[in-house]
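Text of input-v2.pdb, listed as PDB, C-alpha atoms and all ligand atoms:
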ATOM      1  CA  MET A  17     -40.248 187.227 116.604
ATOM      2  CA  ALA A  18     -38.898 187.825 113.110
ATOM      3  CA  ASP A  19     -36.188 185.201 113.648
ATOM      4  CA  GLU A  20     -38.561 182.612 115.039
ATOM      5  CA  THR A  21     -41.595 182.791 112.801
ATOM      6  CA  LEU A  22     -42.420 183.055 109.143
ATOM      7  CA  TYR A  23     -45.648 184.924 109.869
ATOM      8  CA  PRO A  24     -45.709 188.366 108.251
ATOM      9  CA  LEU A  25     -45.144 191.155 110.754
ATOM     10  CA  HIS A  26     -47.009 194.461 110.724
ATOM     11  CA  VAL A  27     -44.870 197.201 112.247
ATOM     12  CA  GLY A  28     -45.422 200.799 113.275
ATOM     13  CA  ILE A  29     -45.040 203.284 116.088
ATOM     14  CA  THR A  30     -48.441 203.515 117.752
ATOM     15  CA  GLU A  31     -49.746 206.757 119.250
ATOM     16  CA  ALA A  32     -46.761 208.521 117.744
ATOM     17  CA  GLY A  33     -48.327 211.962 118.054
ATOM     18  CA  SER A  34     -49.085 214.925 115.823
ATOM     19  CA  LEU A  35     -47.890 215.467 112.275
ATOM     20  CA  TYR A  36     -44.537 216.868 113.331
ATOM     21  CA  SER A  37     -43.544 214.633 116.254
ATOM     22  CA  GLY A  38     -45.341 211.576 114.871
ATOM     23  CA  ASN A  39     -43.490 211.774 111.577
ATOM     24  CA  ILE A  40     -40.113 212.024 113.277
ATOM     25  CA  LYS A  41     -40.818 209.160 115.686
ATOM     26  CA  SER A  42     -42.223 206.999 112.892
ATOM     27  CA  ALA A  43     -39.316 207.694 110.556
ATOM     28  CA  VAL A  44     -36.713 206.899 113.214
ATOM     29  CA  GLY A  45     -38.563 203.905 114.671
ATOM     30  CA  LEU A  46     -39.626 202.338 111.413
ATOM     31  CA  GLY A  47     -36.263 203.167 109.865
ATOM     32  CA  ILE A  48     -34.421 201.149 112.511
ATOM     33  CA  ILE A  49     -36.833 198.211 112.298
ATOM     34  CA  LEU A  50     -37.052 198.051 108.512
ATOM     35  CA  TYR A  51     -33.314 198.542 108.082
ATOM     36  CA  ARG A  52     -32.836 195.341 110.085
ATOM     37  CA  GLY A  53     -35.085 193.534 107.633
ATOM     38  CA  ILE A  54     -38.010 193.263 110.049
ATOM     39  CA  GLY A  55     -41.536 194.022 108.915
ATOM     40  CA  ASP A  56     -43.766 193.036 106.003
ATOM     41  CA  THR A  57     -46.376 195.765 106.221
ATOM     42  CA  ILE A  58     -46.171 199.145 107.939
ATOM     43  CA  ARG A  59     -48.475 201.727 109.455
ATOM     44  CA  VAL A  60     -47.617 205.337 110.175
ATOM     45  CA  SER A  61     -49.925 206.477 112.948
ATOM     46  CA  LEU A  62     -50.475 210.234 113.155
ATOM     47  CA  THR A  63     -52.943 212.458 114.939
ATOM     48  CA  GLY A  64     -53.999 214.126 111.734
ATOM     49  CA  ASP A  65     -55.305 213.577 108.237
ATOM     50  CA  PRO A  66     -54.919 209.855 107.304
ATOM     51  CA  VAL A  67     -53.735 210.976 103.862
ATOM     52  CA  GLU A  68     -50.626 212.329 105.603
ATOM     53  CA  GLU A  69     -50.013 208.870 107.079
ATOM     54  CA  ILE A  70     -49.901 207.366 103.592
ATOM     55  CA  LYS A  71     -47.611 210.098 102.277
ATOM     56  CA  SER A  72     -45.247 209.627 105.212
ATOM     57  CA  ALA A  73     -45.262 205.835 104.874
ATOM     58  CA  LYS A  74     -44.388 206.082 101.169
ATOM     59  CA  MET A  75     -41.622 208.571 101.933
ATOM     60  CA  ILE A  76     -40.113 206.333 104.632
ATOM     61  CA  LEU A  77     -40.104 203.332 102.293
ATOM     62  CA  ARG A  78     -38.638 205.340  99.413
ATOM     63  CA  THR A  79     -35.953 206.848 101.639
ATOM     64  CA  LEU A  80     -34.928 203.348 102.719
ATOM     65  CA  GLY A  81     -34.868 202.189  99.093
ATOM     66  CA  LEU A  82     -37.707 199.749  99.748
ATOM     67  CA  ARG A  83     -40.143 201.341  97.337
ATOM     68  CA  GLU A  84     -39.756 202.794  93.867
ATOM     69  CA  GLY A  85     -41.947 205.222  92.038
ATOM     70  CA  GLY A  86     -43.030 208.735  92.760
ATOM     71  CA  ILE A  87     -40.981 211.857  92.296
ATOM     72  CA  ASP A  88     -38.397 212.628  94.957
ATOM     73  CA  VAL A  89     -38.202 216.384  95.525
ATOM     74  CA  VAL A  90     -34.989 217.804  96.947
ATOM     75  CA  SER A  91     -34.566 221.464  97.798
ATOM     76  CA  CYS A  92     -31.803 223.610  99.226
ATOM     77  CA  PRO A  93     -31.971 225.055 102.746
ATOM     78  CA  THR A  94     -31.816 228.685 101.451
ATOM     79  CA  CYS A  95     -29.082 231.122 102.406
ATOM     80  CA  GLY A  96     -28.051 234.738 101.880
ATOM     81  CA  ARG A  97     -28.053 234.182  98.108
ATOM     82  CA  THR A  98     -31.750 233.265  97.986
ATOM     83  CA  LYS A  99     -33.750 236.022  96.311
ATOM     84  CA  ILE A 100     -37.026 234.114  95.742
ATOM     85  CA  ASP A 101     -39.693 232.698  98.015
ATOM     86  CA  LEU A 102     -38.152 229.239  97.888
ATOM     87  CA  VAL A 103     -40.244 227.817 100.718
ATOM     88  CA  SER A 104     -43.447 228.535  98.830
ATOM     89  CA  LEU A 105     -41.986 227.327  95.522
ATOM     90  CA  ALA A 106     -40.737 224.052  97.031
ATOM     91  CA  ASN A 107     -44.140 223.436  98.631
ATOM     92  CA  GLN A 108     -45.889 224.082  95.315
ATOM     93  CA  VAL A 109     -43.536 221.664  93.551
ATOM     94  CA  GLU A 110     -44.097 219.006  96.256
ATOM     95  CA  THR A 111     -47.841 219.279  95.737
ATOM     96  CA  MET A 112     -47.599 219.340  91.950
ATOM     97  CA  VAL A 113     -45.440 216.219  91.605
ATOM     98  CA  GLN A 114     -47.834 214.047  93.591
ATOM     99  CA  GLY A 115     -49.830 213.604  90.392
ATOM    100  CA  TYR A 116     -46.905 212.035  88.478
ATOM    101  CA  ASP A 117     -45.962 208.382  88.487
ATOM    102  CA  LEU A 118     -42.321 209.017  87.562
ATOM    103  CA  ASN A 119     -39.301 207.549  89.297
ATOM    104  CA  ILE A 120     -37.080 210.630  89.127
ATOM    105  CA  LYS A 121     -35.523 213.284  91.330
ATOM    106  CA  VAL A 122     -36.558 216.950  91.041
ATOM    107  CA  ALA A 123     -34.502 219.768  92.572
ATOM    108  CA  VAL A 124     -35.766 223.152  93.724
ATOM    109  CA  MET A 125     -32.829 225.463  94.350
ATOM    110  CA  GLY A 126     -32.594 228.992  95.667
ATOM    111  CA  CYS A 127     -30.012 230.601  93.418
ATOM    112  CA  ALA A 128     -28.483 230.477  89.974
ATOM    113  CA  VAL A 129     -24.920 230.597  91.319
ATOM    114  CA  ASN A 130     -24.699 227.290  93.170
ATOM    115  CA  GLY A 131     -28.142 225.865  92.365
ATOM    116  CA  PRO A 132     -27.223 224.077  89.114
ATOM    117  CA  GLY A 133     -24.118 222.455  90.605
ATOM    118  CA  GLU A 134     -25.845 221.454  93.819
ATOM    119  CA  ALA A 135     -28.697 219.971  91.750
ATOM    120  CA  LYS A 136     -26.470 217.791  89.569
ATOM    121  CA  GLU A 137     -27.770 214.574  91.164
ATOM    122  CA  ALA A 138     -31.322 215.500  90.173
ATOM    123  CA  ASP A 139     -32.815 214.529  86.824
ATOM    124  CA  ILE A 140     -34.418 217.923  86.461
ATOM    125  CA  GLY A 141     -34.650 221.051  88.550
ATOM    126  CA  ILE A 142     -35.376 224.731  88.792
ATOM    127  CA  ALA A 143     -33.277 227.450  90.380
ATOM    128  CA  GLY A 144     -34.465 230.913  91.334
ATOM    129  CA  GLY A 145     -32.534 234.049  90.522
ATOM    130  CA  ASN A 146     -33.269 237.696  91.097
ATOM    131  CA  GLY A 147     -36.556 237.974  89.183
ATOM    132  CA  ASP A 148     -35.602 235.235  86.783
ATOM    133  CA  GLY A 149     -34.781 231.563  87.051
ATOM    134  CA  LEU A 150     -33.252 228.524  85.418
ATOM    135  CA  LEU A 151     -34.402 225.139  84.229
ATOM    136  CA  ILE A 152     -31.699 222.537  84.914
ATOM    137  CA  LYS A 153     -31.122 218.949  83.817
ATOM    138  CA  LYS A 154     -28.447 216.894  85.576
ATOM    139  CA  GLY A 155     -26.757 220.101  86.716
ATOM    140  CA  GLN A 156     -26.712 221.668  83.232
ATOM    141  CA  ILE A 157     -28.654 224.855  82.508
ATOM    142  CA  VAL A 158     -31.107 224.242  79.663
ATOM    143  CA  ARG A 159     -33.256 227.371  79.759
ATOM    144  CA  LYS A 160     -33.531 230.781  81.403
ATOM    145  CA  MET A 161     -36.936 232.354  82.101
ATOM    146  CA  ARG A 162     -38.833 234.736  84.310
ATOM    147  CA  GLU A 163     -39.281 233.568  87.882
ATOM    148  CA  GLU A 164     -43.059 233.286  87.602
ATOM    149  CA  GLN A 165     -42.659 230.860  84.666
ATOM    150  CA  LEU A 166     -40.585 228.323  86.599
ATOM    151  CA  LEU A 167     -43.431 226.192  87.925
ATOM    152  CA  ASP A 168     -45.195 225.942  84.559
ATOM    153  CA  ALA A 169     -41.931 225.158  82.787
ATOM    154  CA  LEU A 170     -41.262 222.335  85.227
ATOM    155  CA  ARG A 171     -44.813 221.026  84.821
ATOM    156  CA  GLN A 172     -44.430 220.974  81.026
ATOM    157  CA  GLU A 173     -41.146 219.081  81.289
ATOM    158  CA  LEU A 174     -42.708 216.488  83.596
ATOM    159  CA  ASP A 175     -45.686 216.122  81.229
ATOM    160  CA  GLN A 176     -43.248 215.384  78.397
ATOM    161  CA  TRP A 177     -40.942 213.114  80.420
ATOM    162  CA  LYS A 178     -40.194 209.869  78.541
ATOM    163  CA  LYS A 179     -42.884 210.545  75.903
TER
HETATM  164  S1  LIG B 201     -28.466 226.623  96.116
HETATM  165 FE1  LIG B 201     -27.927 228.800  96.324
HETATM  166  S2  LIG B 201     -29.542 229.631  97.654
HETATM  167 FE2  LIG B 201     -29.582 227.405  97.919
HETATM  168  S3  LIG B 201     -28.243 227.032  99.703
HETATM  169 FE3  LIG B 201     -27.010 226.759  97.842
HETATM  170  S4  LIG B 201     -26.037 228.786  97.567
HETATM  171 FE4  LIG B 201     -27.802 229.090  98.962
END
This entry written out as structure tokens:
Amino acid sequence: MADETLYPLHVGITEAGSLYSGNIKSAVGLGIILYRGIGDTIRVSLTGDPVEEIKSAKMILRTLGLREGGIDVVSCPTCGRTKIDLVSLANQVETMVQGYDLNIKVAVMGCAVNGPGEAKEADIGIAGGNGDGLLIKKGQIVRKMREEQLLDALRQELDQWKK
């Protein structure tokens, strides 16, 4: 169809399922289609809150490099070095950054040993320690603070970004 017509094509994986399975099917299916240059508008179809469909659609487009804007949050998978509740912290950061229209990458890392180095591709990041934590920019440590201050410190940095 895409080869034979100039009509815009609306693509999506219909009845993809719940949040978990629907997101995976949509990401794989839409990823293959869009990567081939097919599709002018998309729909992520989930059995769940429609707001999640929009968030997933934006994430798919950003991951494919087809959309700019919005903060990309990366976080480490945790390991034996993790001494903070990184899952909770990463979720809080994900929620917090939705209010910012910045085209940057934010890292949330589990330790001060490898966190800064592993976050060097990120514009800014935080790394948990053992009761304390670090603020990082491009892999360089810029400030040390108590663990409970990390989220606020990151928020302040994002508020000041490019001002
Ligand atoms: S950043 Fe630290 S806690 Fe996270 S995976 Fe790497 S070594 Fe483990």
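For the set A:Met17, A:Cys127, A:Met161, A:Leu167, the residue with the smallest atom-to-atom gap to A:Ser104 is A:Leu167, counting only C-alpha atoms.
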Between chain A and ligand LIG 201 (chain B), at 6 Å or less, what are the per-residue closest atom pairs and their distances in Å? Count all atoms listed in the file, order by chain and rising residue number, and return it as JSON lines.
{"residue": "A:Cys92", "atom": "CA", "partner": "B:LIG201", "partner_atom": "FE2", "distance": 4.6}
{"residue": "A:Pro93", "atom": "CA", "partner": "B:LIG201", "partner_atom": "S3", "distance": 5.2}
{"residue": "A:Thr94", "atom": "CA", "partner": "B:LIG201", "partner_atom": "S3", "distance": 4.3}
{"residue": "A:Cys95", "atom": "CA", "partner": "B:LIG201", "partner_atom": "FE4", "distance": 4.2}
{"residue": "A:Arg97", "atom": "CA", "partner": "B:LIG201", "partner_atom": "S2", "distance": 4.8}
{"residue": "A:Thr98", "atom": "CA", "partner": "B:LIG201", "partner_atom": "S2", "distance": 4.3}
{"residue": "A:Met125", "atom": "CA", "partner": "B:LIG201", "partner_atom": "S1", "distance": 4.8}
{"residue": "A:Gly126", "atom": "CA", "partner": "B:LIG201", "partner_atom": "S2", "distance": 3.7}
{"residue": "A:Cys127", "atom": "CA", "partner": "B:LIG201", "partner_atom": "FE1", "distance": 4.0}
{"residue": "A:Asn130", "atom": "CA", "partner": "B:LIG201", "partner_atom": "FE1", "distance": 4.8}
{"residue": "A:Gly131", "atom": "CA", "partner": "B:LIG201", "partner_atom": "S1", "distance": 3.8}
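Checking A:Val129, A:Gly47, A:Ile100, A:Tyr116 one by one against A:Trp177, counting all atoms listed in the file, you find the shortest gap at A:Tyr116.
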Residue nearest A:Asp65 among A:Ile152, A:Leu35, A:Ile40, A:Ile142 (counting all atoms listed in the file):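 Counting all atoms listed in the file, the residue closest to A:Asp65 is A:Leu35.
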Taking the point (-52.5, 215.7, 118.0) as given in the file, collect each protein or nucleic acid residue that comes within 7 Å of it, counting only C-alpha atoms, and present the set as a list of chain:residue names. A:Gly33, A:Ser34, A:Thr63, A:Gly64
Of A:Leu166, A:Leu25, A:Ala143, A:Ala32, the one nearest to A:Leu62 when counting all atoms listed in the file is A:Ala32
Any idea what the distance is between atom CA of A:Lys121 and atom CA of A:Glu137? 7.9 Å
Box for stretch 88-104 of chain A: with edges along x, y and z, all listed atoms inside and 4 Å added on each side, what are the centre and edge lengths in Å to one decimal, as JSON?
{"center_x": -35.7, "center_y": 224.3, "center_z": 98.9, "size_x": 23.4, "size_y": 31.4, "size_z": 15.8}
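Atom CA of A:Ile76 is found 18.7 Å from atom CA of A:Gly115.
The interatomic distance for the pair atom CA of A:Ala138 and atom CA of A:Tyr51 works out to 24.7 Å.
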Nearest to A:Val60: which of A:Gly28, A:Gly141, A:Pro132, A:Gly86 is it, counting only C-alpha atoms? A:Gly28
Taking the file as shown, find all residues satisfying the PyMOL selection byres (((chain A and resi 27) around 10) and not hetatm) and write them as a list of chain:residue names.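 Applying the PyMOL selection byres (((chain A and resi 27) around 10) and not hetatm) to the structure shown produces A:Pro24, A:Leu25, A:His26, A:Gly28, A:Ile29, A:Thr30, A:Gly45, A:Leu46, A:Ile49, A:Leu50, A:Ile54, A:Gly55, A:Asp56, A:Thr57, A:Ile58, A:Arg59, A:Val60.
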Closest to A:Gly149 among A:Leu102, A:Leu80, A:Ala18, A:Leu174, using all atoms listed in the file?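 Of all the options, A:Leu102 lies closest to A:Gly149.
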If we count only C-alpha atoms and set the cut-off at 12 Å, which residues sit around A:Leu118, ignoring sequence neighbours fewer than 6 positions away in its own chain? Please answer as a list in words. Glu84, Gly85, Gly86, Ile87, Asp88, Val89, Asp139, Ile140, Glu173, Leu174, Asp175, Gln176, Trp177, Lys178 and Lys179 of chain A
